[in-house]
$ cat data06.cif   # mmCIF, C-alpha atoms
data_upload
loop_
_atom_site.label_atom_id
_atom_site.label_comp_id
_atom_site.auth_asym_id
_atom_site.auth_seq_id
_atom_site.Cartn_x
_atom_site.Cartn_y
_atom_site.Cartn_z
CA MET A 22 0.00 0.00 0.00
CA LEU A 23 2.82 2.37 0.94
CA PHE A 24 4.66 1.49 -2.26
CA ARG A 25 1.53 2.18 -4.33
CA ARG A 26 1.00 5.60 -2.66
CA THR A 27 4.67 6.52 -3.20
CA PHE A 28 4.44 5.44 -6.83
CA LEU A 29 1.29 7.55 -7.38
CA ILE A 30 2.89 10.62 -5.80
CA ALA A 31 6.03 10.21 -7.92
CA ALA A 32 4.00 9.72 -11.07
CA THR A 33 1.91 12.82 -10.31
CA LEU A 34 5.05 14.91 -9.78
CA LEU A 35 6.46 13.71 -13.07
CA LEU A 36 3.25 14.65 -14.84
CA VAL A 37 3.30 18.13 -13.28
CA ILE A 38 6.94 18.63 -14.30
CA ALA A 39 6.20 17.40 -17.80
CA ALA A 40 3.16 19.66 -18.07
CA CYS A 41 5.18 22.71 -16.97
CA SER A 42 7.92 21.82 -19.43
CA PHE A 43 5.35 21.42 -22.23
CA THR A 44 3.78 24.76 -21.35
CA LEU A 45 7.12 26.55 -21.50
CA GLU A 46 7.97 24.87 -24.79
CA ARG A 47 4.61 25.92 -26.23
CA GLN A 48 4.98 29.50 -25.01
CA ALA A 49 8.38 29.74 -26.71
CA GLY A 50 6.68 29.24 -30.04
CA SER A 51 8.55 27.51 -32.83
CA ALA A 52 11.84 27.58 -30.88
CA SER A 53 12.01 25.28 -27.86
CA VAL A 54 13.45 26.50 -24.57
CA LYS A 55 16.31 24.08 -25.07
CA LYS A 56 17.17 25.67 -28.42
CA LEU A 57 16.75 29.16 -27.01
CA ARG A 58 19.11 28.32 -24.17
CA LYS A 59 21.74 27.17 -26.63
CA ARG A 60 21.46 30.27 -28.81
CA TYR A 61 21.35 32.87 -26.05
CA SER A 62 24.19 31.31 -24.07
CA SER A 63 26.44 30.75 -27.09
CA GLY A 64 28.54 33.82 -26.38
CA ASP A 65 27.78 34.93 -29.95
CA TYR A 66 25.09 37.61 -30.20
CA THR A 67 24.70 36.97 -33.93
CA LYS A 68 23.11 33.63 -33.05
CA TRP A 69 20.36 35.24 -30.99
CA PRO A 70 16.82 35.37 -32.41
CA ALA A 71 16.09 38.74 -33.99
CA PRO A 72 14.44 41.24 -31.62
CA VAL A 73 10.90 42.31 -32.40
CA LEU A 74 11.09 46.11 -32.65
CA GLN A 75 8.52 48.81 -33.22
CA GLU A 76 9.48 51.47 -35.75
CA GLY A 77 10.24 54.05 -33.06
CA ALA A 78 12.88 51.84 -31.46
CA LYS A 79 14.93 50.99 -34.56
CA ALA A 80 17.04 54.14 -34.90
CA GLY A 81 20.28 53.71 -32.96
CA PHE A 82 19.10 50.41 -31.45
CA ARG A 83 21.64 48.38 -29.47
CA ASP A 84 20.72 45.03 -28.00
CA ILE A 85 20.95 44.04 -24.35
CA GLY A 86 24.16 42.45 -23.15
CA VAL A 87 27.07 42.87 -20.75
CA LEU A 88 27.72 46.38 -19.42
CA ASP A 89 30.73 48.29 -20.68
CA PRO A 90 32.95 50.01 -18.07
CA VAL A 91 31.58 53.36 -16.94
CA VAL A 92 33.34 56.38 -18.46
CA HIS A 93 34.43 59.27 -16.23
CA PRO A 94 34.39 62.59 -18.13
CA ALA A 95 37.59 64.45 -18.97
CA HIS A 96 36.49 67.45 -16.91
CA ASN A 97 36.11 65.24 -13.82
CA PRO A 98 38.61 62.36 -14.05
CA TYR A 99 38.52 59.54 -11.53
CA ASN A 100 40.88 59.03 -8.64
CA ASP A 101 40.43 57.08 -5.41
CA ALA A 102 40.72 60.15 -3.19
CA LYS A 103 37.96 61.93 -5.08
CA ARG A 104 35.71 58.87 -4.89
CA ASP A 105 36.28 58.60 -1.12
CA LEU A 106 35.62 62.31 -0.63
CA GLY A 107 32.44 62.03 -2.69
CA LYS A 108 31.28 59.11 -0.58
CA THR A 109 31.78 61.11 2.61
CA LEU A 110 29.88 64.09 1.20
CA PHE A 111 27.13 61.78 -0.06
CA PHE A 112 26.49 60.51 3.48
CA ASP A 113 27.06 63.84 5.27
CA PRO A 114 23.69 65.25 6.47
CA ARG A 115 25.26 68.63 7.17
CA LEU A 116 24.79 69.55 3.51
CA SER A 117 21.10 70.08 4.38
CA VAL A 118 19.64 73.01 6.32
CA SER A 119 18.44 70.72 9.13
CA GLY A 120 21.69 68.80 9.38
CA GLN A 121 19.64 65.60 9.22
CA ILE A 122 19.17 64.80 5.52
CA ALA A 123 21.95 63.47 3.30
CA CYS A 124 21.97 62.24 -0.28
CA ALA A 125 21.95 58.75 1.25
CA SER A 126 18.66 59.48 3.02
CA CYS A 127 16.80 58.90 -0.25
CA HIS A 128 19.44 56.72 -1.90
CA ASP A 129 20.23 54.01 0.63
CA PRO A 130 22.61 51.30 -0.61
CA GLN A 131 20.71 48.73 1.47
CA LEU A 132 17.48 49.65 -0.32
CA GLY A 133 18.72 49.31 -3.88
CA TRP A 134 20.12 52.86 -3.76
CA GLY A 135 16.56 54.16 -3.44
CA ASP A 136 14.46 54.49 -0.29
CA GLY A 137 11.81 51.79 -0.72
CA LYS A 138 8.99 54.35 -0.45
CA ARG A 139 6.33 55.32 -2.94
CA VAL A 140 7.60 58.90 -2.88
CA ALA A 141 10.46 60.24 -0.81
CA PHE A 142 10.34 62.11 2.50
CA GLY A 143 12.40 65.29 2.64
CA HIS A 144 12.86 68.38 4.78
CA ASP A 145 10.50 68.58 7.76
CA ARG A 146 9.09 65.18 6.72
CA LYS A 147 7.42 66.71 3.68
CA LEU A 148 6.39 64.29 0.95
CA GLY A 149 8.02 64.66 -2.43
CA ALA A 150 6.13 64.34 -5.69
CA ARG A 151 8.08 61.45 -7.23
CA ASN A 152 9.70 58.14 -6.44
CA ALA A 153 13.42 58.35 -5.63
CA MET A 154 15.20 56.79 -8.62
CA THR A 155 17.86 54.22 -7.84
CA LEU A 156 21.47 55.34 -8.30
CA PHE A 157 22.52 51.95 -9.64
CA ASN A 158 24.37 52.51 -12.93
CA VAL A 159 23.54 56.23 -12.89
CA GLY A 160 26.89 56.99 -14.56
CA TYR A 161 25.54 55.56 -17.84
CA TYR A 162 22.67 58.04 -18.19
CA ASP A 163 22.74 60.95 -20.62
CA LYS A 164 20.28 62.98 -18.54
CA LEU A 165 19.20 62.71 -14.93
CA PHE A 166 15.90 62.74 -13.02
CA TRP A 167 12.58 61.39 -14.24
CA ASP A 168 12.14 64.56 -16.30
CA GLY A 169 15.73 64.88 -17.54
CA ARG A 170 16.31 68.31 -16.02
CA ALA A 171 20.02 67.65 -15.26
CA ALA A 172 22.53 67.20 -18.07
CA SER A 173 25.20 65.49 -15.95
CA LEU A 174 25.79 64.01 -12.53
CA GLU A 175 27.73 67.14 -11.59
CA ASP A 176 24.68 69.19 -12.56
CA GLN A 177 22.30 66.83 -10.80
CA ALA A 178 24.00 67.12 -7.41
CA ARG A 179 22.87 70.73 -6.90
CA PHE A 180 19.13 70.10 -7.30
CA PRO A 181 18.26 68.16 -4.11
CA ILE A 182 20.37 70.45 -1.91
CA GLN A 183 18.35 73.55 -2.75
CA ASP A 184 14.96 71.89 -3.27
CA HIS A 185 12.65 73.01 -0.45
CA LEU A 186 11.05 69.56 -0.36
CA GLU A 187 14.39 67.79 -0.07
CA MET A 188 17.45 69.26 1.69
CA ASN A 189 16.15 72.85 1.64
CA GLU A 190 19.55 74.56 1.73
CA SER A 191 20.95 77.35 -0.43
CA LEU A 192 24.08 76.50 -2.37
CA ASP A 193 25.90 79.46 -0.83
CA ALA A 194 25.15 78.31 2.71
CA MET A 195 26.02 74.70 1.93
CA GLU A 196 29.35 75.74 0.41
CA LYS A 197 30.28 77.94 3.39
CA ARG A 198 29.38 75.22 5.86
CA VAL A 199 31.63 72.62 4.21
CA GLN A 200 34.45 75.21 4.11
CA GLN A 201 34.14 75.67 7.88
CA PHE A 202 35.08 72.06 8.60
CA SER A 203 38.89 72.04 8.66
CA GLY A 204 38.88 68.26 8.40
CA TYR A 205 37.57 68.50 4.84
CA LYS A 206 40.48 70.67 3.63
CA PRO A 207 43.13 67.92 3.27
CA LEU A 208 40.55 65.61 1.67
CA PHE A 209 39.79 68.17 -1.05
CA LYS A 210 43.48 68.86 -1.61
CA LYS A 211 44.20 65.14 -2.01
CA ALA A 212 41.24 64.69 -4.37
CA PHE A 213 41.86 67.74 -6.58
CA GLY A 214 45.58 68.38 -6.11
CA GLU A 215 45.07 71.94 -4.91
CA GLU A 216 43.90 73.97 -1.95
CA GLY A 217 40.37 75.25 -1.70
CA ILE A 218 36.79 74.08 -1.30
CA ASP A 219 33.95 75.27 -3.50
CA ARG A 220 30.60 73.99 -4.67
CA GLU A 221 31.89 72.79 -8.05
CA LYS A 222 34.44 70.54 -6.35
CA ILE A 223 31.73 69.30 -3.99
CA PHE A 224 29.52 68.37 -6.94
CA LYS A 225 32.42 66.78 -8.83
CA ALA A 226 33.37 64.63 -5.85
CA ILE A 227 29.80 63.43 -5.32
CA ALA A 228 29.45 62.69 -9.05
CA CYS A 229 32.74 60.78 -9.07
CA PHE A 230 31.49 58.57 -6.24
CA GLU A 231 28.10 58.06 -7.88
CA ARG A 232 29.75 56.84 -11.10
CA THR A 233 31.21 53.96 -9.10
CA ILE A 234 27.72 52.73 -8.12
CA VAL A 235 27.66 50.03 -10.78
CA SER A 236 25.73 46.80 -10.41
CA PRO A 237 27.91 43.67 -10.33
CA PRO A 238 27.55 41.01 -13.05
CA SER A 239 24.16 39.29 -12.86
CA ARG A 240 23.18 35.73 -13.73
CA PHE A 241 22.02 37.10 -17.08
CA ASP A 242 25.54 38.38 -17.77
CA ALA A 243 27.07 35.02 -16.91
CA PHE A 244 24.48 33.26 -19.07
CA VAL A 245 25.07 35.29 -22.25
CA LYS A 246 28.85 34.86 -21.79
CA GLY A 247 28.45 31.09 -21.98
CA LYS A 248 27.38 29.75 -18.59
CA ALA A 249 24.31 28.01 -19.95
CA ASP A 250 22.98 26.48 -16.73
CA VAL A 251 22.61 29.62 -14.56
CA LEU A 252 19.12 30.51 -15.81
CA THR A 253 16.01 28.38 -15.33
CA ASP A 254 13.79 27.45 -18.25
CA GLU A 255 11.28 30.05 -17.06
CA GLU A 256 13.96 32.75 -17.07
CA VAL A 257 15.19 31.76 -20.53
CA LEU A 258 11.64 32.02 -21.84
CA GLY A 259 11.33 35.38 -20.08
CA LEU A 260 14.48 36.62 -21.81
CA HIS A 261 13.11 35.57 -25.18
CA LEU A 262 9.72 37.16 -24.56
CA PHE A 263 11.44 40.34 -23.30
CA ARG A 264 13.14 40.68 -26.70
CA THR A 265 10.16 39.57 -28.80
CA ARG A 266 6.42 39.44 -28.09
CA ALA A 267 6.45 41.24 -24.74
CA GLY A 268 8.03 44.27 -26.42
CA CYS A 269 10.15 45.30 -23.42
CA ILE A 270 13.22 45.60 -25.66
CA ASN A 271 11.72 48.61 -27.45
CA CYS A 272 12.54 50.89 -24.51
CA HIS A 273 14.71 48.72 -22.27
CA ASN A 274 17.51 48.00 -24.70
CA THR A 275 21.33 48.39 -24.64
CA PRO A 276 23.38 46.65 -21.93
CA LEU A 277 21.99 49.24 -19.50
CA PHE A 278 18.47 47.96 -20.19
CA SER A 279 17.48 51.56 -20.93
CA ASP A 280 17.43 53.44 -24.21
CA ASN A 281 18.32 56.69 -22.39
CA ARG A 282 15.22 58.26 -23.93
CA PHE A 283 11.85 59.57 -22.74
CA HIS A 284 8.44 58.01 -23.43
CA ASN A 285 4.81 58.50 -22.49
CA ASP A 286 3.70 55.12 -21.19
CA GLY A 287 0.30 56.24 -19.97
CA GLN A 288 1.35 57.28 -16.47
CA THR A 289 0.74 61.05 -16.64
CA LEU A 290 -2.33 60.64 -14.39
CA TRP A 291 -3.73 63.50 -16.43
CA GLY A 292 -6.50 65.46 -14.75
CA SER A 293 -5.98 63.84 -11.34
CA GLN A 294 -4.52 65.38 -8.19
CA ASN A 295 -1.31 63.46 -8.92
CA GLU A 296 -0.96 64.70 -12.50
CA ASP A 297 2.65 64.93 -13.63
CA LEU A 298 3.52 66.15 -17.12
CA GLY A 299 7.10 64.87 -16.92
CA LEU A 300 9.56 66.11 -19.54
CA TYR A 301 7.14 68.85 -20.59
CA ASN A 302 7.80 70.60 -17.27
CA VAL A 303 11.40 71.07 -18.43
CA THR A 304 11.09 71.65 -22.18
CA ARG A 305 7.60 73.22 -22.45
CA ASN A 306 7.30 71.30 -25.70
CA LYS A 307 3.78 69.87 -26.09
CA GLU A 308 5.20 66.74 -27.70
CA ASP A 309 6.88 65.97 -24.36
CA VAL A 310 3.71 65.94 -22.25
CA GLY A 311 3.71 62.81 -20.10
CA LYS A 312 7.15 61.60 -21.15
CA PHE A 313 9.42 60.17 -18.48
CA LYS A 314 12.93 58.78 -18.52
CA THR A 315 13.31 55.08 -19.27
CA PRO A 316 14.86 53.63 -16.11
CA SER A 317 17.43 50.88 -16.30
CA LEU A 318 16.03 47.47 -15.41
CA ARG A 319 19.29 46.22 -13.95
CA GLU A 320 18.70 45.48 -10.25
CA VAL A 321 15.00 46.16 -10.86
CA ALA A 322 13.75 43.55 -8.39
CA ASN A 323 15.52 45.47 -5.59
CA THR A 324 14.38 48.98 -6.54
CA GLY A 325 10.62 49.03 -6.01
CA PRO A 326 8.04 50.40 -5.81
CA TRP A 327 8.01 51.27 -9.51
CA PHE A 328 7.25 54.12 -11.93
CA HIS A 329 7.81 57.80 -11.24
CA HIS A 330 4.86 57.87 -8.84
CA GLY A 331 5.73 54.62 -7.06
CA ASN A 332 2.18 53.32 -7.42
CA PHE A 333 3.14 49.79 -8.51
CA PRO A 334 4.14 47.62 -5.52
CA THR A 335 5.18 44.47 -7.43
CA LEU A 336 6.92 43.68 -10.71
CA ARG A 337 3.98 41.52 -11.67
CA ASP A 338 1.76 44.61 -11.42
CA VAL A 339 4.12 46.39 -13.82
CA VAL A 340 4.08 43.60 -16.41
CA LEU A 341 0.30 43.18 -16.13
CA PHE A 342 -0.16 46.91 -16.72
CA TYR A 343 1.83 46.75 -19.95
CA ASN A 344 0.07 43.53 -20.92
CA LEU A 345 -3.25 45.40 -20.79
CA GLY A 346 -1.98 47.93 -23.29
CA ASN A 347 -1.23 50.72 -20.82
CA PRO A 348 -4.76 51.95 -20.16
CA ALA A 349 -4.65 55.68 -19.44
CA PRO A 350 -8.13 56.91 -18.50
CA ILE A 351 -8.70 60.55 -19.37
CA GLN A 352 -10.60 62.83 -16.99
CA LYS A 353 -13.51 63.77 -19.24
CA LYS A 354 -14.26 66.93 -17.27
CA TYR A 355 -11.27 68.56 -19.00
CA LEU A 356 -12.28 67.64 -22.54
CA GLY A 357 -13.37 70.68 -24.52
CA THR A 358 -11.47 73.03 -22.19
CA PRO A 359 -8.16 74.85 -22.78
CA ARG A 360 -6.45 71.92 -21.06
CA ASP A 361 -7.04 69.84 -24.22
CA SER A 362 -3.81 71.30 -25.59
CA LEU A 363 -1.92 69.31 -22.95
CA LEU A 364 -3.76 66.05 -23.53
CA PRO A 365 -1.05 63.38 -23.23
CA VAL A 366 -0.47 61.04 -26.17
CA THR A 367 0.71 57.57 -25.22
CA SER A 368 3.66 56.17 -27.17
CA PRO A 369 2.56 54.18 -30.24
CA MET A 370 5.14 51.54 -29.34
CA LEU A 371 2.93 50.41 -26.49
CA ARG A 372 -0.02 48.15 -27.21
CA LYS A 373 -1.96 45.27 -25.73
CA LEU A 374 0.32 42.24 -25.51
CA ASN A 375 -2.06 39.33 -24.83
CA LEU A 376 0.55 37.48 -22.78
CA THR A 377 -0.63 34.41 -20.89
CA ASP A 378 -0.14 34.06 -17.13
CA THR A 379 2.77 31.73 -17.82
CA GLU A 380 4.39 34.32 -20.06
CA VAL A 381 3.83 37.15 -17.59
CA ASN A 382 5.46 35.05 -14.87
CA SER A 383 8.38 34.28 -17.17
CA VAL A 384 9.06 37.96 -17.87
CA VAL A 385 8.97 38.68 -14.13
CA ALA A 386 11.33 35.75 -13.53
CA PHE A 387 13.77 37.11 -16.12
CA MET A 388 13.90 40.44 -14.30
CA GLN A 389 15.09 38.52 -11.26
CA ALA A 390 17.94 37.25 -13.43
CA ILE A 391 19.18 40.80 -14.10
CA THR A 392 19.03 41.56 -10.37
CA THR A 393 21.90 40.71 -8.03
CA THR A 394 22.11 40.00 -4.31
CA PRO A 395 22.21 43.27 -2.32
CA ARG A 396 25.66 44.11 -1.00
CA ARG A 397 26.41 46.18 2.07
CA LEU A 398 28.32 49.43 1.74
CA ASN A 399 29.65 50.77 5.01
CA PRO A 400 28.92 54.50 5.45
CA PRO A 401 31.53 56.80 7.01
CA VAL A 402 31.80 56.34 10.77
CA ASP A 403 32.79 59.96 11.45
CA PHE A 404 32.53 63.12 9.38
CA PRO A 405 35.30 65.74 9.11
CA LYS A 406 35.14 68.32 11.90
#
$ encode --input "data06.cif" --output "structure tokens"
Amino acid sequence: MLFRRTFLIAATLLLVIAACSFTLERQAGSASVKKLRKRYSSGDYTKWPAPVLQEGAKAGFRDIGVLDPVVHPAHNPYNDAKRDLGKTLFFDPRLSVSGQIACASCHDPQLGWGDGKRVAFGHDRKLGARNAMTLFNVGYYDKLFWDGRAASLEDQARFPIQDHLEMNESLDAMEKRVQQFSGYKPLFKKAFGEEGIDREKIFKAIACFERTIVSPPSRFDAFVKGKADVLTDEEVLGLHLFRTRAGCINCHNTPLFSDNRFHNDGQTLWGSQNEDLGLYNVTRNKEDVGKFKTPSLREVANTGPWFHHGNFPTLRDVVLFYNLGNPAPIQKKYLGTPRDSLLPVTSPMLRKLNLTDTEVNSVVAFMQAITTTPRRLNPPVDFPK
């Protein structure tokens, strides 16, 4: 009797495994997961299946792959002393008017270099308007912030300091305060090779440190370099769907998993109390209404909640939203009013995907494969006096 029960359990498990395997094979279409695994892990990108691209994604397209080394600009070359100084400044709360908020307050290395909140808290516990973007791989971006208002990391560093919802300090006052700490003087001299502390050096040091916040190689990177067994069948299918029917590759391309561009993906929340016109707020170009920066998907499983408003608590929610074709309900009370001129137009690259539950789960699983295990970064124990 015991043998018969054991046999039935074993047979049932085999049937379940076989059914799951069949489902994955069927979802992969004409190419089996086994064949996909061989092609994607060959180490030769020319053997990969062709990506399925919308017209708007073809110009300048570069496929996903292994990250190139980050490039430090000629006007702010790297050295260890500058990186270490930038790290100290990044964690120093005395750059804020209250002396309690540092860059690291919203960009915590233990929280995926974000803060884990829907939107960030700032000065006097005031709520910000947007989700704090992760600083992972920020050195690869052409423009910074969800709306692209900063042209470089050096430029970006000044915004949160003087923003009344964030650190709420004037740049003049911040600069004078850092100059008052004699302990900072030798650190600046070592980093820049000359005496003197000013705001430009402060921003350059912080930017130098931030360019070193690069995600380590993921299982995806090992897989495409030839380690064929590091991804599960579900993750391999997810990779294939990501580049083909799911359409993710249209915006999340290049080894950064971001096209460094801006798109309207139906998240303007137009006409609501949380309306955000994105890039338009910077350019005042009507074509930019509702466009937001494409974030990198590297480390994405550690950087939630997602989107500029932080309204999506799980990655499955994100994929299901895109699977539905990015529904963006319009507040009809504004139709026929002067506000019509700012009616957001969703990107034509986004459309209903009709992915099955198995396929949705596979795409989510693949995003786990481009996420690495969080690593601890020890903050400075003491700050210069």
$ residues_around --input "data06.cif" --residues "stretch 184-186 of chain A" --least-positions-apart "5" --cutoff "10 Å" --atoms "only C-alpha atoms" --output "number ranges by chain"
A: 117-118, 141-150, 179, 191
$ resolve_selection --input "data06.cif" --expression "the PyMOL selection byres ((chain A and resi 107-109) around 7)" --output "PyMOL selection string"
chain A and resi 103-106+110-113+226-227+229-230+401
$ atom_distance --input "data06.cif" --atom1 "atom CA of A:Val310" --atom2 "atom CA of A:Phe166"
15.6 Å
$ resolve_selection --input "data06.cif" --expression "the PyMOL selection byres ((chain A and resi 162) around 10)" --output "PyMOL selection string"
chain A and resi 158-161+163-166+169+172-174+277+279-282+314-317
$ write_last_selection --input "data06.cif" --atoms "C-alpha atoms" --output "CSV table (one decimal), in the frame of the given file"
chain,number,residue,atom,x,y,z
A,158,ASN,CA,24.4,52.5,-12.9
A,159,VAL,CA,23.5,56.2,-12.9
A,160,GLY,CA,26.9,57.0,-14.6
A,161,TYR,CA,25.5,55.6,-17.8
A,163,ASP,CA,22.7,61.0,-20.6
A,164,LYS,CA,20.3,63.0,-18.5
A,165,LEU,CA,19.2,62.7,-14.9
A,166,PHE,CA,15.9,62.7,-13.0
A,169,GLY,CA,15.7,64.9,-17.5
A,172,ALA,CA,22.5,67.2,-18.1
A,173,SER,CA,25.2,65.5,-16.0
A,174,LEU,CA,25.8,64.0,-12.5
A,277,LEU,CA,22.0,49.2,-19.5
A,279,SER,CA,17.5,51.6,-20.9
A,280,ASP,CA,17.4,53.4,-24.2
A,281,ASN,CA,18.3,56.7,-22.4
A,282,ARG,CA,15.2,58.3,-23.9
A,314,LYS,CA,12.9,58.8,-18.5
A,315,THR,CA,13.3,55.1,-19.3
A,316,PRO,CA,14.9,53.6,-16.1
A,317,SER,CA,17.4,50.9,-16.3
$ closest_residue --input "data06.cif" --among "A:His93, A:Glu196, A:Lys79, A:Ser203" --to "A:Phe404" --atoms "only C-alpha atoms"
A:Ser203
$ closest_residue --input "data06.cif" --among "A:Pro114, A:Pro276, A:Gly214, A:Gly247" --to "A:Ile85" --atoms "all atoms listed in the file"
A:Pro276
$ residues_near_point --input "data06.cif" --point "(9.1, 50.8, -6.7)" --cutoff "10 Å" --atoms "only C-alpha atoms" --output "mmCIF file with C-alpha atoms, in the frame of the given file"
data_model
loop_
_atom_site.group_PDB
_atom_site.id
_atom_site.type_symbol
_atom_site.label_atom_id
_atom_site.label_comp_id
_atom_site.auth_asym_id
_atom_site.auth_seq_id
_atom_site.Cartn_x
_atom_site.Cartn_y
_atom_site.Cartn_z
ATOM 1 C CA GLY A 135 16.560 54.160 -3.440
ATOM 2 C CA ASP A 136 14.460 54.490 -0.290
ATOM 3 C CA GLY A 137 11.810 51.790 -0.720
ATOM 4 C CA LYS A 138 8.990 54.350 -0.450
ATOM 5 C CA ARG A 139 6.330 55.320 -2.940
ATOM 6 C CA VAL A 140 7.600 58.900 -2.880
ATOM 7 C CA ASN A 152 9.700 58.140 -6.440
ATOM 8 C CA ALA A 153 13.420 58.350 -5.630
ATOM 9 C CA MET A 154 15.200 56.790 -8.620
ATOM 10 C CA THR A 155 17.860 54.220 -7.840
ATOM 11 C CA VAL A 321 15.000 46.160 -10.860
ATOM 12 C CA ALA A 322 13.750 43.550 -8.390
ATOM 13 C CA ASN A 323 15.520 45.470 -5.590
ATOM 14 C CA THR A 324 14.380 48.980 -6.540
ATOM 15 C CA GLY A 325 10.620 49.030 -6.010
ATOM 16 C CA PRO A 326 8.040 50.400 -5.810
ATOM 17 C CA TRP A 327 8.010 51.270 -9.510
ATOM 18 C CA PHE A 328 7.250 54.120 -11.930
ATOM 19 C CA HIS A 329 7.810 57.800 -11.240
ATOM 20 C CA HIS A 330 4.860 57.870 -8.840
ATOM 21 C CA GLY A 331 5.730 54.620 -7.060
ATOM 22 C CA ASN A 332 2.180 53.320 -7.420
ATOM 23 C CA PHE A 333 3.140 49.790 -8.510
ATOM 24 C CA PRO A 334 4.140 47.620 -5.520
ATOM 25 C CA THR A 335 5.180 44.470 -7.430
ATOM 26 C CA LEU A 336 6.920 43.680 -10.710
ATOM 27 C CA VAL A 339 4.120 46.390 -13.820
#
$ resolve_selection --input "data06.cif" --expression "the PyMOL selection byres ((chain A and resi 217-223) around 9)" --output "list in words"
Leu106, Gly107, Leu110, Glu175, Ala178, Arg179, Leu192, Asp193, Met195, Glu196, Lys197, Val199, Gln200, Tyr205, Lys206, Phe209, Lys210, Phe213, Glu215, Glu216, Phe224, Lys225, Ala226, Ile227 and Ala228 of chain A
$ write_last_selection --input "data06.cif" --atoms "C-alpha atoms" --output "PDB file, keeping the file's coordinate frame"
ATOM      1  CA  LEU A 106      35.620  62.310  -0.630  1.00  0.00           C
ATOM      2  CA  GLY A 107      32.440  62.030  -2.690  1.00  0.00           C
ATOM      3  CA  LEU A 110      29.880  64.090   1.200  1.00  0.00           C
ATOM      4  CA  GLU A 175      27.730  67.140 -11.590  1.00  0.00           C
ATOM      5  CA  ALA A 178      24.000  67.120  -7.410  1.00  0.00           C
ATOM      6  CA  ARG A 179      22.870  70.730  -6.900  1.00  0.00           C
ATOM      7  CA  LEU A 192      24.080  76.500  -2.370  1.00  0.00           C
ATOM      8  CA  ASP A 193      25.900  79.460  -0.830  1.00  0.00           C
ATOM      9  CA  MET A 195      26.020  74.700   1.930  1.00  0.00           C
ATOM     10  CA  GLU A 196      29.350  75.740   0.410  1.00  0.00           C
ATOM     11  CA  LYS A 197      30.280  77.940   3.390  1.00  0.00           C
ATOM     12  CA  VAL A 199      31.630  72.620   4.210  1.00  0.00           C
ATOM     13  CA  GLN A 200      34.450  75.210   4.110  1.00  0.00           C
ATOM     14  CA  TYR A 205      37.570  68.500   4.840  1.00  0.00           C
ATOM     15  CA  LYS A 206      40.480  70.670   3.630  1.00  0.00           C
ATOM     16  CA  PHE A 209      39.790  68.170  -1.050  1.00  0.00           C
ATOM     17  CA  LYS A 210      43.480  68.860  -1.610  1.00  0.00           C
ATOM     18  CA  PHE A 213      41.860  67.740  -6.580  1.00  0.00           C
ATOM     19  CA  GLU A 215      45.070  71.940  -4.910  1.00  0.00           C
ATOM     20  CA  GLU A 216      43.900  73.970  -1.950  1.00  0.00           C
ATOM     21  CA  PHE A 224      29.520  68.370  -6.940  1.00  0.00           C
ATOM     22  CA  LYS A 225      32.420  66.780  -8.830  1.00  0.00           C
ATOM     23  CA  ALA A 226      33.370  64.630  -5.850  1.00  0.00           C
ATOM     24  CA  ILE A 227      29.800  63.430  -5.320  1.00  0.00           C
ATOM     25  CA  ALA A 228      29.450  62.690  -9.050  1.00  0.00           C
TER      26      ALA A 228
END
$ decode --input "data06.cif" --residues "stretch 311-320 of chain A" --atoms "N, CA and C atoms" --output "PDB file, in the first residue's frame"
ATOM      1  N   GLY A 311       3.849  64.182 -20.599  1.00  0.00           N
ATOM      2  CA  GLY A 311       3.711  62.813 -20.102  1.00  0.00           C
ATOM      3  C   GLY A 311       4.894  61.911 -20.355  1.00  0.00           C
ATOM      4  N   LYS A 312       5.970  62.437 -20.901  1.00  0.00           N
ATOM      5  CA  LYS A 312       7.146  61.599 -21.149  1.00  0.00           C
ATOM      6  C   LYS A 312       8.039  61.557 -19.914  1.00  0.00           C
ATOM      7  N   PHE A 313       8.514  60.355 -19.603  1.00  0.00           N
ATOM      8  CA  PHE A 313       9.423  60.166 -18.479  1.00  0.00           C
ATOM      9  C   PHE A 313      10.622  59.333 -18.926  1.00  0.00           C
ATOM     10  N   LYS A 314      11.696  59.472 -18.194  1.00  0.00           N
ATOM     11  CA  LYS A 314      12.934  58.779 -18.521  1.00  0.00           C
ATOM     12  C   LYS A 314      12.752  57.269 -18.398  1.00  0.00           C
ATOM     13  N   THR A 315      13.306  56.539 -19.347  1.00  0.00           N
ATOM     14  CA  THR A 315      13.308  55.078 -19.271  1.00  0.00           C
ATOM     15  C   THR A 315      14.322  54.642 -18.232  1.00  0.00           C
ATOM     16  N   PRO A 316      13.892  54.074 -17.106  1.00  0.00           N
ATOM     17  CA  PRO A 316      14.862  53.634 -16.105  1.00  0.00           C
ATOM     18  C   PRO A 316      15.534  52.340 -16.522  1.00  0.00           C
ATOM     19  N   SER A 317      16.756  52.148 -16.078  1.00  0.00           N
ATOM     20  CA  SER A 317      17.432  50.875 -16.297  1.00  0.00           C
ATOM     21  C   SER A 317      16.694  49.783 -15.532  1.00  0.00           C
ATOM     22  N   LEU A 318      16.642  48.593 -16.106  1.00  0.00           N
ATOM     23  CA  LEU A 318      16.031  47.467 -15.408  1.00  0.00           C
ATOM     24  C   LEU A 318      17.049  46.618 -14.670  1.00  0.00           C
ATOM     25  N   ARG A 319      18.313  46.946 -14.778  1.00  0.00           N
ATOM     26  CA  ARG A 319      19.292  46.219 -13.955  1.00  0.00           C
ATOM     27  C   ARG A 319      18.997  46.502 -12.479  1.00  0.00           C
ATOM     28  N   GLU A 320      18.998  45.438 -11.686  1.00  0.00           N
ATOM     29  CA  GLU A 320      18.704  45.483 -10.249  1.00  0.00           C
ATOM     30  C   GLU A 320      17.237  45.805  -9.979  1.00  0.00           C
TER      31      GLU A 320
END
